[in-house]
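*Asks:* So that you have it, the file is run39.cif, and it contains mmCIF, C-alpha atoms:
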data_structure
loop_
_atom_site.label_atom_id
_atom_site.label_comp_id
_atom_site.auth_asym_id
_atom_site.auth_seq_id
_atom_site.Cartn_x
_atom_site.Cartn_y
_atom_site.Cartn_z
CA MET A 17 55.19 -11.97 12.88
CA MET A 18 53.73 -9.07 10.94
CA GLY A 19 54.68 -5.72 12.43
CA TRP A 20 52.31 -3.02 13.56
CA THR A 21 53.32 -0.70 10.70
CA LEU A 22 52.43 -3.22 7.98
CA GLY A 23 49.20 -4.19 9.73
CA ARG A 24 48.21 -0.53 10.05
CA TYR A 25 49.01 -0.04 6.35
CA PHE A 26 46.70 -2.91 5.32
CA LEU A 27 43.97 -1.59 7.62
CA PHE A 28 44.33 1.93 6.19
CA ARG A 29 44.12 0.59 2.62
CA TYR A 30 40.94 -1.31 3.45
CA ALA A 31 39.39 1.71 5.22
CA THR A 32 40.19 4.00 2.29
CA ILE A 33 38.74 1.68 -0.34
CA THR A 34 35.66 1.00 1.81
CA THR A 35 35.06 4.72 2.23
CA TRP A 36 35.21 5.32 -1.52
CA PHE A 37 32.90 2.38 -2.20
CA PHE A 38 30.48 3.64 0.45
CA LEU A 39 30.42 7.19 -0.92
CA GLY A 40 29.96 5.89 -4.46
CA ILE A 41 27.03 3.68 -3.45
CA PHE A 42 25.54 6.58 -1.48
CA ALA A 43 25.68 8.91 -4.52
CA LEU A 44 24.34 6.24 -6.89
CA VAL A 45 21.44 5.30 -4.62
CA PHE A 46 20.58 8.97 -4.10
CA LEU A 47 20.43 9.64 -7.85
CA ILE A 48 18.31 6.55 -8.53
CA ASP A 49 15.91 7.23 -5.65
CA PHE A 50 15.59 10.93 -6.50
CA THR A 51 14.83 10.12 -10.14
CA GLU A 52 12.22 7.51 -9.18
CA LEU A 53 10.66 9.76 -6.55
CA THR A 54 10.30 12.76 -8.86
CA SER A 55 8.69 10.59 -11.53
CA ARG A 56 6.02 9.53 -8.99
CA THR A 57 5.40 12.80 -7.18
CA SER A 58 6.24 15.62 -9.59
CA ARG A 59 2.56 16.17 -10.43
CA ILE A 60 1.44 16.45 -6.82
CA PRO A 61 0.56 20.05 -5.84
CA GLY A 62 3.24 21.57 -3.63
CA PHE A 63 6.03 19.34 -4.89
CA SER A 64 9.40 20.91 -5.59
CA TYR A 65 12.79 19.48 -6.45
CA GLN A 66 14.14 20.75 -3.13
CA ILE A 67 11.52 18.69 -1.26
CA GLY A 68 12.24 15.69 -3.46
CA ALA A 69 15.97 15.98 -2.79
CA LEU A 70 15.30 16.23 0.96
CA ILE A 71 13.08 13.12 0.97
CA SER A 72 15.64 11.14 -1.03
CA ALA A 73 18.51 12.30 1.19
CA LEU A 74 16.59 11.13 4.26
CA ARG A 75 15.79 7.75 2.71
CA VAL A 76 19.23 7.02 1.27
CA PRO A 77 20.87 5.93 4.59
CA MET A 78 18.30 3.14 4.99
CA LEU A 79 18.77 2.02 1.38
CA VAL A 80 22.55 2.13 1.74
CA LEU A 81 22.31 0.09 4.95
CA GLN A 82 20.85 -2.77 2.91
CA THR A 83 23.94 -2.75 0.68
CA VAL A 84 26.50 -2.82 3.52
CA PRO A 85 27.28 -6.57 3.11
CA PHE A 86 28.06 -6.05 -0.57
CA VAL A 87 30.10 -2.94 0.18
CA GLY A 88 32.15 -5.03 2.59
CA LEU A 89 32.54 -7.80 0.01
CA PHE A 90 33.63 -5.54 -2.86
CA ALA A 91 35.88 -3.45 -0.62
CA ALA A 92 37.69 -6.55 0.63
CA MET A 93 38.02 -7.90 -2.91
CA ALA A 94 39.31 -4.56 -4.23
CA THR A 95 41.79 -4.27 -1.33
CA LEU A 96 43.28 -7.73 -1.83
CA VAL A 97 43.35 -7.44 -5.62
CA SER A 98 45.12 -4.07 -5.43
CA LEU A 99 47.66 -5.46 -2.96
CA ASN A 100 48.21 -8.38 -5.31
CA ARG A 101 48.68 -6.22 -8.39
CA LYS A 102 51.32 -4.12 -6.62
CA TYR A 103 53.12 -7.31 -5.49
CA GLU A 104 52.68 -6.28 -1.85
CA LEU A 105 51.12 -9.60 -0.88
CA VAL A 106 53.87 -11.40 -2.79
CA VAL A 107 56.54 -9.56 -0.78
CA ALA A 108 54.65 -10.20 2.46
CA ARG A 109 54.48 -13.92 1.71
CA ALA A 110 58.18 -13.96 0.79
CA ALA A 111 58.94 -12.37 4.18
CA GLY A 112 57.29 -15.32 5.89
CA ILE A 113 53.97 -13.62 6.75
CA SER A 114 51.06 -16.06 6.50
CA ALA A 115 47.71 -15.30 4.91
CA TRP A 116 46.03 -15.29 8.32
CA GLN A 117 48.31 -12.49 9.51
CA PHE A 118 47.72 -10.04 6.68
CA LEU A 119 44.02 -10.95 6.57
CA LEU A 120 43.66 -9.99 10.24
CA PRO A 121 43.76 -6.17 9.63
CA VAL A 122 41.25 -6.50 6.79
CA CYS A 123 38.90 -8.61 8.95
CA LEU A 124 39.33 -6.12 11.79
CA GLY A 125 38.43 -3.29 9.41
CA ALA A 126 35.33 -5.19 8.27
CA LEU A 127 34.32 -5.74 11.90
CA LEU A 128 34.73 -2.03 12.71
CA PHE A 129 32.81 -1.08 9.56
CA GLY A 130 29.95 -3.33 10.69
CA VAL A 131 29.96 -1.84 14.19
CA LEU A 132 29.75 1.68 12.72
CA ALA A 133 26.95 0.59 10.39
CA VAL A 134 24.92 -0.81 13.30
CA GLY A 135 25.75 1.78 15.96
CA VAL A 136 25.77 4.96 13.85
CA LEU A 137 24.24 4.41 10.41
CA ASN A 138 21.24 2.39 11.58
CA PRO A 139 19.86 4.99 14.06
CA LEU A 140 20.40 7.75 11.47
CA ALA A 141 18.72 5.61 8.80
CA ALA A 142 15.74 4.77 11.03
CA HIS A 143 15.20 8.41 11.97
CA GLY A 144 15.67 9.56 8.37
CA LEU A 145 13.22 6.98 7.01
CA SER A 146 10.55 7.97 9.54
CA ARG A 147 11.09 11.64 8.76
CA SER A 148 10.94 11.07 5.00
CA GLN A 149 7.69 9.12 5.36
CA HIS A 150 6.24 11.99 7.39
CA ILE A 151 7.23 14.61 4.79
CA GLU A 152 5.94 12.50 1.90
CA SER A 153 2.64 11.83 3.69
CA LEU A 154 2.16 15.58 4.22
CA LEU A 155 2.87 16.10 0.53
CA ARG A 156 0.39 13.44 -0.52
CA SER A 157 -2.18 14.17 2.20
CA GLY A 158 -5.64 14.35 0.77
CA SER A 159 -4.54 13.62 -2.78
CA SER A 160 -5.96 10.13 -2.55
CA ASN A 161 -7.76 8.10 0.10
CA ALA A 162 -7.07 4.80 -1.59
CA VAL A 163 -5.52 2.21 0.68
CA ASP A 164 -2.88 -0.08 -0.75
CA GLU A 165 -3.95 -3.55 0.40
CA ASP A 166 -0.62 -5.11 -0.58
CA SER A 167 1.73 -2.81 1.34
CA THR A 168 -0.35 -1.85 4.40
CA PRO A 169 -1.74 -4.45 6.82
CA TRP A 170 -5.33 -4.08 7.97
CA ILE A 171 -6.12 -4.49 11.65
CA ARG A 172 -9.44 -5.35 13.25
CA GLN A 173 -10.25 -4.11 16.72
CA LYS A 174 -13.06 -5.41 18.93
CA THR A 175 -15.05 -3.20 21.28
CA THR A 176 -18.31 -3.58 23.20
CA SER A 177 -20.19 -1.63 20.52
CA GLY A 178 -18.84 -3.71 17.61
CA ASP A 179 -15.77 -4.25 15.51
CA THR A 180 -13.81 -1.72 13.46
CA ILE A 181 -11.58 -2.53 10.48
CA ILE A 182 -8.73 -0.05 10.05
CA GLY A 183 -6.39 0.59 7.13
CA ALA A 184 -4.29 3.53 5.93
CA ARG A 185 -2.27 4.72 2.97
CA ALA A 186 0.76 5.50 5.14
CA ILE A 187 1.86 4.29 8.57
CA LEU A 188 3.91 6.84 10.51
CA ASN A 189 5.59 7.24 13.89
CA GLN A 190 6.16 3.49 14.26
CA GLY A 191 2.45 2.70 13.81
CA LEU A 192 1.03 5.29 16.23
CA GLU A 193 0.07 7.72 13.48
CA MET A 194 -1.64 7.14 10.13
CA ALA A 195 -2.24 9.27 7.04
CA ASP A 196 -5.33 9.01 4.81
CA ALA A 197 -6.85 6.32 7.00
CA THR A 198 -10.12 4.47 6.53
CA PHE A 199 -12.27 3.09 9.36
CA PHE A 200 -15.11 0.65 8.66
CA VAL A 201 -17.38 0.58 11.73
CA LEU A 202 -19.36 -2.65 12.11
CA ASP A 203 -22.32 -3.37 14.36
CA LYS A 204 -22.69 -6.46 16.54
CA ASN A 205 -24.10 -8.42 13.58
CA GLY A 206 -21.00 -7.69 11.49
CA ASP A 207 -22.71 -5.24 9.12
CA ILE A 208 -20.98 -2.01 8.08
CA VAL A 209 -22.80 0.97 9.56
CA GLU A 210 -20.24 3.72 8.97
CA ARG A 211 -17.16 4.52 6.94
CA LYS A 212 -14.84 7.21 8.21
CA ASP A 213 -12.06 8.66 6.06
CA ALA A 214 -9.55 10.81 7.92
CA LYS A 215 -6.51 12.69 6.66
CA ARG A 216 -4.69 12.18 9.95
CA VAL A 217 -5.16 9.65 12.77
CA PHE A 218 -3.39 9.42 16.13
CA LEU A 219 -3.58 6.61 18.67
CA ARG A 220 -4.37 8.07 22.08
CA ASP A 221 -5.02 6.42 25.44
CA GLY A 222 -8.23 4.48 24.84
CA TYR A 223 -9.30 6.03 21.53
CA TRP A 224 -8.32 6.90 17.99
CA GLU A 225 -8.21 10.63 17.30
CA LEU A 226 -9.32 11.40 13.74
CA HIS A 227 -8.62 14.74 12.04
CA ASP A 228 -10.48 16.13 8.98
CA VAL A 229 -13.00 13.31 8.95
CA SER A 230 -15.53 12.44 6.25
CA THR A 231 -18.23 10.07 7.58
CA MET A 232 -20.52 8.03 5.32
CA THR A 233 -23.37 6.12 6.99
CA ASP A 234 -25.24 3.09 5.72
CA ALA A 235 -28.18 5.37 4.95
CA GLY A 236 -26.08 7.29 2.42
CA THR A 237 -25.69 10.51 4.41
CA LYS A 238 -22.32 12.24 4.51
CA GLN A 239 -20.93 14.36 7.32
CA ILE A 240 -17.72 16.40 7.54
CA GLN A 241 -15.97 16.86 10.90
CA LYS A 242 -12.73 18.49 11.95
CA LEU A 243 -12.25 16.06 14.82
CA ALA A 244 -13.72 12.69 15.78
CA GLN A 245 -12.95 9.86 18.17
CA ILE A 246 -13.35 6.10 17.93
CA PRO A 247 -12.97 4.03 21.12
CA THR A 248 -10.29 1.34 21.14
CA ASP A 249 -8.82 -1.21 23.51
CA LEU A 250 -5.64 -1.54 21.45
CA LYS A 251 -2.38 -0.89 23.24
CA PRO A 252 0.41 1.05 21.49
CA GLU A 253 2.69 -2.00 21.77
CA PHE A 254 0.20 -4.14 19.82
CA VAL A 255 -0.25 -1.51 17.11
CA GLN A 256 3.50 -1.03 16.77
CA GLU A 257 4.07 -4.79 16.52
CA ARG A 258 1.42 -5.11 13.80
CA LEU A 259 1.96 -1.94 11.79
CA ALA A 260 5.45 -0.56 12.42
CA ARG A 261 8.24 -1.53 10.05
CA PRO A 262 11.18 -2.92 12.05
CA GLU A 263 13.54 -0.84 9.92
CA THR A 264 12.05 2.38 11.33
CA ILE A 265 13.05 1.47 14.90
CA PRO A 266 16.65 2.31 15.88
CA PHE A 267 18.91 -0.50 17.02
CA TYR A 268 19.12 0.82 20.58
CA ASP A 269 15.30 0.89 20.95
CA LEU A 270 14.65 -2.62 19.65
CA PRO A 271 15.36 -4.56 22.91
CA GLY A 272 12.84 -2.44 24.82
CA LYS A 273 10.21 -2.82 22.08
CA ILE A 274 10.72 -6.59 22.04
CA GLU A 275 10.46 -6.91 25.82
CA VAL A 276 7.31 -4.80 26.07
CA ALA A 277 5.62 -6.55 23.12
CA ARG A 278 6.32 -9.98 24.58
CA SER A 279 4.99 -8.87 27.97
CA PHE A 280 1.64 -8.41 26.19
CA GLY A 281 1.81 -11.92 24.76
CA LEU A 282 2.95 -10.86 21.28
CA SER A 283 5.62 -12.79 19.40
CA ALA A 284 7.57 -9.71 18.20
CA ASN A 285 9.38 -11.94 15.71
CA ALA A 286 9.88 -9.12 13.21
CA PHE A 287 11.54 -6.89 15.81
CA ALA A 288 13.63 -9.77 17.21
CA MET A 289 14.75 -10.75 13.71
CA GLN A 290 15.79 -7.18 12.96
CA PHE A 291 17.75 -6.94 16.22
CA ASP A 292 19.52 -10.28 15.81
CA SER A 293 20.36 -9.47 12.17
CA LEU A 294 21.93 -6.17 13.18
CA VAL A 295 23.95 -7.84 15.94
CA ALA A 296 25.23 -10.39 13.41
CA LEU A 297 25.98 -7.79 10.71
CA PRO A 298 29.61 -7.03 11.76
CA PHE A 299 30.42 -10.73 11.74
CA LEU A 300 28.63 -11.12 8.40
CA LEU A 301 31.07 -8.55 7.00
CA VAL A 302 33.97 -10.61 8.36
CA ALA A 303 32.47 -13.65 6.60
CA MET A 304 32.20 -11.60 3.39
CA THR A 305 35.88 -10.70 3.78
CA LEU A 306 36.84 -14.38 4.06
CA ILE A 307 34.79 -15.13 0.94
CA ALA A 308 36.57 -12.28 -0.85
CA ALA A 309 39.92 -13.73 0.25
CA THR A 310 39.12 -17.10 -1.33
CA VAL A 311 38.93 -15.50 -4.80
CA SER A 312 41.32 -12.55 -4.47
CA MET A 313 44.49 -13.67 -2.72
CA ARG A 314 46.07 -15.76 -5.43
CA PHE A 315 48.46 -13.84 -7.66
CA ALA A 316 46.52 -12.86 -10.77
CA ARG A 317 48.00 -12.17 -14.15
CA MET A 318 46.41 -9.64 -16.46
CA GLY A 319 42.97 -10.80 -17.65
CA GLN A 320 42.22 -13.15 -14.75
CA SER A 321 40.65 -10.57 -12.43
CA ALA A 322 37.23 -10.71 -14.12
CA THR A 323 36.85 -14.41 -13.34
CA MET A 324 37.85 -13.90 -9.72
CA ILE A 325 35.49 -10.95 -9.29
CA LEU A 326 32.63 -12.92 -10.85
CA GLY A 327 33.27 -15.78 -8.45
CA GLY A 328 33.20 -13.44 -5.47
CA VAL A 329 30.02 -11.74 -6.67
CA VAL A 330 28.25 -15.08 -7.14
CA ALA A 331 29.36 -16.30 -3.71
CA GLY A 332 28.24 -13.05 -2.06
CA PHE A 333 24.92 -13.11 -3.89
CA LEU A 334 24.24 -16.68 -2.79
CA LEU A 335 25.05 -15.75 0.80
CA TYR A 336 22.67 -12.78 0.57
CA VAL A 337 19.86 -14.94 -0.86
CA VAL A 338 20.32 -17.49 1.92
CA SER A 339 20.31 -14.70 4.51
CA VAL A 340 17.03 -13.25 3.17
CA LEU A 341 15.42 -16.68 2.97
CA VAL A 342 16.41 -17.71 6.49
CA LYS A 343 15.38 -14.27 7.77
CA ALA A 344 11.89 -14.81 6.32
CA PHE A 345 11.70 -18.12 8.20
CA GLY A 346 12.69 -16.31 11.39
CA VAL A 347 10.04 -13.60 10.97
CA ALA A 348 7.40 -16.27 10.29
CA GLY A 349 8.41 -18.12 13.45
CA PHE A 350 9.51 -21.35 11.73
CA VAL A 351 12.99 -21.11 13.26
CA PRO A 352 14.29 -19.08 16.23
CA THR A 353 15.37 -15.61 15.18
CA LEU A 354 18.81 -16.09 16.76
CA ILE A 355 19.49 -19.14 14.60
CA ALA A 356 18.07 -17.44 11.50
CA ALA A 357 20.39 -14.46 11.96
CA TRP A 358 23.59 -16.40 12.68
CA PHE A 359 23.20 -19.44 10.43
CA PRO A 360 24.39 -17.70 7.19
CA VAL A 361 27.26 -16.05 9.08
CA VAL A 362 28.52 -19.31 10.57
CA VAL A 363 28.19 -21.18 7.26
CA ALA A 364 30.04 -18.45 5.34
CA MET A 365 32.82 -18.31 7.93
CA PHE A 366 33.28 -22.08 7.89
CA PHE A 367 33.39 -22.03 4.11
CA GLY A 368 35.97 -19.25 4.00
CA VAL A 369 38.17 -20.69 6.75
CA THR A 370 38.04 -24.22 5.27
CA PHE A 371 38.97 -23.00 1.79
CA LEU A 372 41.83 -20.87 3.09
CA LEU A 373 43.13 -23.69 5.30
CA TYR A 374 43.14 -26.00 2.28
CA LYS A 375 44.88 -23.50 -0.01
CA GLU A 376 47.29 -21.92 2.45
CA ASP A 377 48.09 -24.68 4.92
CA GLY A 378 47.01 -27.82 3.05
#
What is this structure when it is put down as structure tokens?

*Replies:*
Amino acid sequence: MMGWTLGRYFLFRYATITTWFFLGIFALVFLIDFTELTSRTSRIPGFSYQIGALISALRVPMLVLQTVPFVGLFAAMATLVSLNRKYELVVARAAGISAWQFLLPVCLGALLFGVLAVGVLNPLAAHGLSRSQHIESLLRSGSSNAVDEDSTPWIRQKTTSGDTIIGARAILNQGLEMADATFFVLDKNGDIVERKDAKRVFLRDGYWELHDVSTMTDAGTKQIQKLAQIPTDLKPEFVQERLARPETIPFYDLPGKIEVARSFGLSANAFAMQFDSLVALPFLLVAMTLIAATVSMRFARMGQSATMILGGVVAGFLLYVVSVLVKAFGVAGFVPTLIAAWFPVVVAMFFGVTFLLYKEDG
């Protein structure tokens, strides 16, 4: 049996390498995002590099969260390769310690890393993303009232006076606030009678509250108002389910959002898929560790590491592609979200365990 001291040493090595990988990815993502952001917004009045750095710093946790599976993969590969190069795994094997024993601390480290990513990084990332969107919308407010049809969904509300089609340049506060919004007011015959452009819109109880409104009627007249209201029967839960990005909702708030949305007859597949994916993330990191072990545990002579690393990268990339594909099926409702979230994890674990059983015990 492997002693506690050796197991703690392997766990510490994995934690150290994972921390360095994580900090490196964080710095790289920050530099790339800051460069891309400044190229898009540097000409906007009021922009400064301090504001750009703040927006990027708030967005980076969410971007880094998307790379957590690959951080776990590369950290596990780097840990096992470094242990191999220093002959530490060779000595451990010679002492009668099986691969499953010295893989246990690494898998435990991956599981703890996933728990921290879900329980700590995700709420910080969700809050930071929402805050960065708010700051950027204030920076861009009024600079353009064009609505991006590809990135922002349009919603159509029905009232006794007629329908209203609503779109916005930016969706904030989980769908309950919009920036540079456009309202097309239709009569009972479906003809457009008014267009209202507002810099800021808030969903209140029974109405939309529009700030700094420019109204254009079908007769061609234009009217400027500081404040206007448009009646609505939409509930906040429906608006959040249609407009809010699941990534902007912290992990701890997702179960409540899902329950309330489903109580109104909504599917809430996007929220459920996000929740199930986060629950499965720690175990996905364990599966990534097993995949890393299949290409990193054999003793490698000089010059063979590149082939092993390439094999691990390809395997991890394929697992990521399958995860994204199955996740899209879950959001669309083709498969249950629970199955969509756990299917790649189970397949990857079976692959890793089967390969290791064949190599180590076969």

*Asks:* Select, from A:Ala309, A:Lys204, A:Ile182, A:Phe267, the residue with the minimum atom-to-atom distance to A:Leu132, counting all atoms listed in the file.

*Replies:* A:Phe267

*Asks:* Would you work out the distance separating atom CA of A:Met232 from atom CA of A:Arg211, expressed in Å to one decimal?

*Replies:* 5.1 Å

*Asks:* Would you please work out which residue, of A:Val76, A:Leu335, A:Met93, A:Val276, is nearest to A:Ala43 when using all atoms listed in the file?

*Replies:* A:Val76

*Asks:* Do you have the atom CA of A:Val84-atom CA of A:Trp116 distance handy?

*Replies:* 23.7 Å

*Asks:* If I take atom CA of A:Met194 and atom CA of A:Trp170, how far is one from the other in Å, to one decimal?

*Replies:*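 Atom CA of A:Trp170 lies at a distance of 12.0 Å from atom CA of A:Met194.
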
*Asks:* Assuming the chain letters and numbering stay as they are in my file, what does the PyMOL selection byres ((chain A and resi 56-60) around 12) actually select? List them as a PyMOL selection string.

*Replies:* chain A and resi 49-55+61-69+71+152-160

*Asks:* Identify, on the basis of all atoms listed in the file, every residue whose closest approach to A:Gly281 does not exceed 12 Å; exclude the query and any residue fewer than 4 positions from it along the same chain; express the result as a PyMOL selection string.

*Replies:* chain A and resi 251+253-254+257+274-277+285

*Asks:* Counting only C-alpha atoms, what is within 10 Å of stretch 346-349 of chain A, bar same-chain residues fewer than 3 positions away, as a list in words?

*Replies:*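 The residues that qualify are Ser283, Ala284, Asn285, Ala286, Phe287, Ala288, Met289, Gln290, Val340, Leu341, Val342, Lys343, Pro352, Thr353, Leu354, Ile355, Ala356 and Ala357 of chain A.
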
*Asks:* Give me the residues within 12 Å of A:Leu128 as a ChimeraX atom specification, counting all atoms listed in the file and dropping any in the same chain fewer than 5 places off.

*Replies:* /A:27,30-31,34,88,121-123,133-136,297-302

*Asks:* Please provide as a list of chain:residue names all residues within 12 Å of A:Phe28, with the sequence filter that same-chain residues fewer than 3 positions apart are discarded (counting all atoms listed in the file).

*Replies:* A:Trp20, A:Thr21, A:Leu22, A:Gly23, A:Arg24, A:Tyr25, A:Ala31, A:Thr32, A:Ile33, A:Thr34, A:Thr35, A:Thr95, A:Pro121, A:Val122, A:Leu124, A:Gly125, A:Ala126

*Asks:* Let me know the residues the PyMOL selection byres ((chain A and resi 42) around 10) catches in the file above, as an MDAnalysis selection string.

*Replies:* chainID A and resid 36:41 43:47 73 76:77 79:81 83

*Asks:* Taking (-9.9, 19.1, 5.6) in the coordinates of the supplied file, I want to know which residues reach to within 9 Å of it, counting all atoms listed in the file; could you give the answer as a count of residues only?

*Replies:* 10

*Asks:* Show me, as number ranges by chain, the residues that have an atom within 9 Å of A:Glu193 when counting only C-alpha atoms, minus same-chain residues fewer than 6 positions from it.

*Replies:* A: 186-187, 216-219

*Asks:* Using only C-alpha atoms, which of A:Ala308, A:Pro252, A:Leu70, A:Phe26 sits nearest A:Gln117?

*Replies:*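 Looking at the shortest contact to A:Gln117, the residue is A:Phe26.
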